[in-house]
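Okay, entry-v6.cif is below, mmCIF, C-alpha atoms:
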data_work
loop_
_atom_site.group_PDB
_atom_site.id
_atom_site.type_symbol
_atom_site.label_atom_id
_atom_site.label_comp_id
_atom_site.auth_asym_id
_atom_site.auth_seq_id
_atom_site.Cartn_x
_atom_site.Cartn_y
_atom_site.Cartn_z
ATOM 1 C CA MET A 1246 2.140 -11.133 -12.598
ATOM 2 C CA LYS A 1247 0.320 -9.745 -9.547
ATOM 3 C CA GLU A 1248 3.548 -9.671 -7.550
ATOM 4 C CA LYS A 1249 5.270 -7.747 -10.335
ATOM 5 C CA THR A 1250 2.424 -5.223 -10.320
ATOM 6 C CA ALA A 1251 2.558 -4.909 -6.522
ATOM 7 C CA LEU A 1252 6.317 -4.337 -6.708
ATOM 8 C CA ALA A 1253 5.781 -1.648 -9.356
ATOM 9 C CA LEU A 1254 3.342 0.143 -7.034
ATOM 10 C CA CYS A 1255 5.866 -0.091 -4.178
ATOM 11 C CA LYS A 1256 8.496 1.473 -6.428
ATOM 12 C CA VAL A 1257 6.161 4.384 -7.194
ATOM 13 C CA LEU A 1258 5.565 4.909 -3.475
ATOM 14 C CA ASP A 1259 9.309 4.884 -2.864
ATOM 15 C CA GLU A 1260 9.940 7.396 -5.655
ATOM 16 C CA LYS A 1261 7.376 9.734 -4.078
ATOM 17 C CA GLN A 1262 9.038 9.599 -0.652
ATOM 18 C CA ALA A 1263 6.758 7.139 1.149
ATOM 19 C CA LYS A 1264 8.619 5.514 4.044
ATOM 20 C CA ASP A 1265 8.814 2.032 5.562
ATOM 21 C CA ILE A 1266 7.153 0.332 2.591
ATOM 22 C CA VAL A 1267 6.210 -3.284 3.247
ATOM 23 C CA LEU A 1268 4.793 -5.758 0.748
ATOM 24 C CA LEU A 1269 2.994 -8.763 2.224
ATOM 25 C CA ASP A 1270 1.756 -11.806 0.344
ATOM 26 C CA VAL A 1271 -1.547 -12.639 2.034
ATOM 27 C CA SER A 1272 -2.841 -14.960 -0.704
ATOM 28 C CA ASP A 1273 -2.767 -18.008 1.569
ATOM 29 C CA LYS A 1274 -4.336 -16.094 4.482
ATOM 30 C CA THR A 1275 -7.457 -14.645 2.862
ATOM 31 C CA PRO A 1276 -9.426 -15.243 -0.332
ATOM 32 C CA LEU A 1277 -10.169 -11.534 -0.663
ATOM 33 C CA MET A 1278 -6.788 -10.306 -1.892
ATOM 34 C CA ASP A 1279 -3.278 -11.445 -2.697
ATOM 35 C CA TYR A 1280 -1.078 -8.558 -1.528
ATOM 36 C CA PHE A 1281 -1.025 -5.824 1.076
ATOM 37 C CA ILE A 1282 1.178 -2.815 0.589
ATOM 38 C CA ILE A 1283 1.738 -0.797 3.746
ATOM 39 C CA ALA A 1284 3.492 2.571 3.627
ATOM 40 C CA THR A 1285 3.959 5.658 5.758
ATOM 41 C CA ALA A 1286 3.248 9.168 4.532
ATOM 42 C CA MET A 1287 4.887 12.213 6.088
ATOM 43 C CA ASN A 1288 1.498 13.838 6.704
ATOM 44 C CA PRO A 1289 -2.119 13.573 5.467
ATOM 45 C CA ARG A 1290 -1.484 15.819 2.459
ATOM 46 C CA HIS A 1291 1.449 13.644 1.410
ATOM 47 C CA GLY A 1292 -0.759 10.557 1.793
ATOM 48 C CA LYS A 1293 -3.389 12.034 -0.494
ATOM 49 C CA SER A 1294 -0.766 12.878 -3.116
ATOM 50 C CA LEU A 1295 0.510 9.288 -2.934
ATOM 51 C CA VAL A 1296 -2.994 8.117 -3.840
ATOM 52 C CA ASP A 1297 -2.914 10.246 -6.994
ATOM 53 C CA VAL A 1298 0.406 8.830 -8.221
ATOM 54 C CA LEU A 1299 -0.629 5.281 -7.282
ATOM 55 C CA GLU A 1300 -3.804 5.537 -9.316
ATOM 56 C CA GLU A 1301 -1.835 6.842 -12.284
ATOM 57 C CA ALA A 1302 0.666 3.982 -11.997
ATOM 58 C CA ALA A 1303 -2.119 1.452 -11.473
ATOM 59 C CA HIS A 1304 -3.846 2.633 -14.631
ATOM 60 C CA LYS A 1305 -0.658 1.839 -16.569
ATOM 61 C CA GLU A 1306 -0.829 -1.685 -15.091
ATOM 62 C CA SER A 1307 -4.524 -1.985 -16.090
ATOM 63 C CA LEU A 1308 -5.654 -1.759 -12.456
ATOM 64 C CA VAL A 1309 -8.661 0.207 -11.289
ATOM 65 C CA ALA A 1310 -9.310 1.280 -7.715
ATOM 66 C CA HIS A 1311 -12.561 -0.418 -6.694
ATOM 67 C CA SER A 1312 -12.698 1.486 -3.432
ATOM 68 C CA LYS A 1313 -10.871 4.267 -1.608
ATOM 69 C CA GLU A 1314 -11.337 5.063 2.056
ATOM 70 C CA GLY A 1315 -9.877 7.628 4.428
ATOM 71 C CA LEU A 1316 -9.208 10.437 1.973
ATOM 72 C CA GLN A 1317 -11.036 13.007 4.078
ATOM 73 C CA ASN A 1318 -8.664 12.964 7.036
ATOM 74 C CA GLY A 1319 -5.716 11.227 5.367
ATOM 75 C CA GLU A 1320 -4.436 9.503 8.515
ATOM 76 C CA TRP A 1321 -5.166 5.999 7.156
ATOM 77 C CA ILE A 1322 -5.946 5.720 3.481
ATOM 78 C CA LEU A 1323 -6.968 2.418 1.954
ATOM 79 C CA ILE A 1324 -7.003 1.807 -1.790
ATOM 80 C CA ASP A 1325 -8.539 -1.457 -2.953
ATOM 81 C CA PHE A 1326 -7.265 -2.609 -6.339
ATOM 82 C CA LYS A 1327 -9.032 -5.954 -5.741
ATOM 83 C CA ASP A 1328 -6.017 -8.303 -5.657
ATOM 84 C CA ILE A 1329 -3.733 -5.627 -4.191
ATOM 85 C CA VAL A 1330 -4.778 -3.476 -1.245
ATOM 86 C CA VAL A 1331 -2.689 -0.445 -0.328
ATOM 87 C CA HIS A 1332 -2.649 1.056 3.167
ATOM 88 C CA ILE A 1333 -1.084 4.506 3.552
ATOM 89 C CA PHE A 1334 -0.727 5.699 7.116
ATOM 90 C CA THR A 1335 0.696 8.679 8.898
ATOM 91 C CA GLY A 1336 3.332 7.550 11.400
ATOM 92 C CA ASP A 1337 1.167 7.668 14.533
ATOM 93 C CA HIS A 1338 -1.673 5.758 12.929
ATOM 94 C CA ARG A 1339 0.649 3.133 11.514
ATOM 95 C CA ARG A 1340 2.142 2.495 14.934
ATOM 96 C CA HIS A 1341 -1.316 2.403 16.503
ATOM 97 C CA TYR A 1342 -2.914 -0.062 14.065
ATOM 98 C CA ASN A 1343 0.275 -2.069 13.464
ATOM 99 C CA LEU A 1344 -0.996 -4.139 10.530
ATOM 100 C CA GLU A 1345 2.353 -5.899 10.262
ATOM 101 C CA LYS A 1346 1.726 -7.436 13.677
ATOM 102 C CA LEU A 1347 -1.828 -8.399 12.746
ATOM 103 C CA TRP A 1348 -0.558 -10.134 9.584
ATOM 104 C CA TYR A 1349 2.683 -11.389 11.199
ATOM 105 C CA ASP A 1350 2.440 -14.768 9.516
ATOM 106 C CA ALA A 1351 2.125 -13.367 5.982
ATOM 107 C CA LYS A 1352 5.103 -13.731 3.690
ATOM 108 C CA LYS A 1353 7.094 -10.506 3.415
ATOM 109 C CA ILE A 1354 8.249 -9.874 -0.150
ATOM 110 C CA GLU A 1355 11.738 -8.442 -0.494
ATOM 111 C CA MET A 1356 12.015 -5.280 -2.580
ATOM 112 C CA ASP A 1357 14.903 -3.511 -4.220
ATOM 113 C CA ILE A 1358 13.956 -0.052 -3.012
ATOM 114 C CA ASP A 1359 15.232 2.390 -0.424
ATOM 115 C CA THR A 1360 12.515 2.666 2.169
#
What would you get if you wrote out this structure as structure tokens?
Amino acid sequence: MKEKTALALCKVLDEKQAKDIVLLDVSDKTPLMDYFIIATAMNPRHGKSLVDVLEEAAHKESLVAHSKEGLQNGEWILIDFKDIVVHIFTGDHRRHYNLEKLWYDAKKIEMDIDT
């Protein structure tokens, strides 16, 4: 069920032109969450608009954002839906923080989207 919800959020990001979307299953790596979604926004304004559509989609899946960080500058935005955490970066910040490398041993979930 959680994976289906995470995939639905990835699809929304894809439909709104987010790039390089990655879904990681981190459930066996941390007790704090089950999935990370990592995506790249074209710019900070685009990242902020992605938050709006994600929250709308999450509401339809009965998810509530427990925390949002980084909305002021928009270079790295984090949305905590408790079991699913979404990271939206601008390109430079994504390359700098490289979360995929940090979580290299997490299972990458295949998606049927055009990232």
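Here the question is which of A:Asp1357, A:Asp1279, A:Ser1294, A:Ile1329 gets nearest to Ala1310 (chain A) using only C-alpha atoms, and that residue is A:Ile1329.
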Could you build a table of the residues in region 1331-1354 of chain A lying no more than 10 Å from region 1265-1269 of chain A, giving for each the nearest pair of atoms and their separation in Å rounded to one decimal place, using only C-alpha atoms, ordered by chain and ascending residue number, as a tab-separated table?
residue	atom	partner	partner_atom	distance
A:Val1331	CA	A:Leu1268	CA	9.2
A:His1332	CA	A:Ile1266	CA	9.8
A:Ile1333	CA	A:Ile1266	CA	9.3
A:Gly1336	CA	A:Asp1265	CA	9.7
A:Glu1345	CA	A:Val1267	CA	8.4
A:Trp1348	CA	A:Leu1269	CA	8.3
A:Tyr1349	CA	A:Leu1269	CA	9.4
A:Asp1350	CA	A:Leu1269	CA	9.5
A:Ala1351	CA	A:Leu1269	CA	6.0
A:Lys1352	CA	A:Leu1269	CA	5.6
A:Lys1353	CA	A:Leu1269	CA	4.6
A:Ile1354	CA	A:Leu1268	CA	5.4
Report summary line: In Å and to one decimal, CA of Lys1264 (chain A) is distant from CA of His1291 (chain A) by 11.2 Å
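Atom pair CA of Val1309 (chain A) / CA of Phe1326 (chain A) has a distance of 5.9 Å (rounded to one decimal).
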Query - Expected selection from the PyMOL selection byres ((chain A and resi 1306) around 10), given as a list of chain:residue names - result: A:Lys1247, A:Lys1249, A:Thr1250, A:Ala1251, A:Ala1253, A:Leu1254, A:Glu1300, A:Glu1301, A:Ala1302, A:Ala1303, A:His1304, A:Lys1305, A:Ser1307, A:Leu1308, A:Val1309
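For the file at hand, the PyMOL selection byres ((chain A and resi 1313) around 12) resolves to A:Lys1293, A:Val1296, A:Asp1297, A:Leu1299, A:Glu1300, A:Val1309, A:Ala1310, A:His1311, A:Ser1312, A:Glu1314, A:Gly1315, A:Leu1316, A:Gln1317, A:Gly1319, A:Trp1321, A:Ile1322, A:Leu1323, A:Ile1324, A:Asp1325, A:Phe1326, A:Lys1327, A:Val1330, A:Val1331, A:His1332, A:Ile1333.
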Report summary line: Taken to one decimal, the CA of Lys1256 (chain A)-CA of Ile1358 (chain A) distance is 6.6 Å
Query raised in the report: Of the candidates A:Cys1255, A:Val1298, A:Met1246, A:His1341, which one gets nearest to Ile1283 (chain A) if we count only C-alpha atoms?
Result: A:Cys1255
Coordinates of box centre and edge lengths for region 1305-1320 of chain A, 5 Å on every side, axis-aligned, as lines of an AutoDock Vina configuration file:
center_x = -6.7
center_y = 5.5
center_z = -4.0
size_x = 22.0
size_y = 25.0
size_z = 35.1
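Residue nearest Leu1295 (chain A) within the list A:Leu1252, A:Leu1347, A:Met1356, A:Leu1258: A:Leu1258 [criterion: smallest interatomic distance, all atoms listed in the file].
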Requested in this report: Mind checking which residues fall within 9 Å of Glu1320 (chain A), counting only C-alpha atoms, ignoring those fewer than 5 positions away in the same chain, and posting them as an MDAnalysis selection string?
Outcome: chainID A and resid 1286 1288:1289 1292 1315 1333:1339
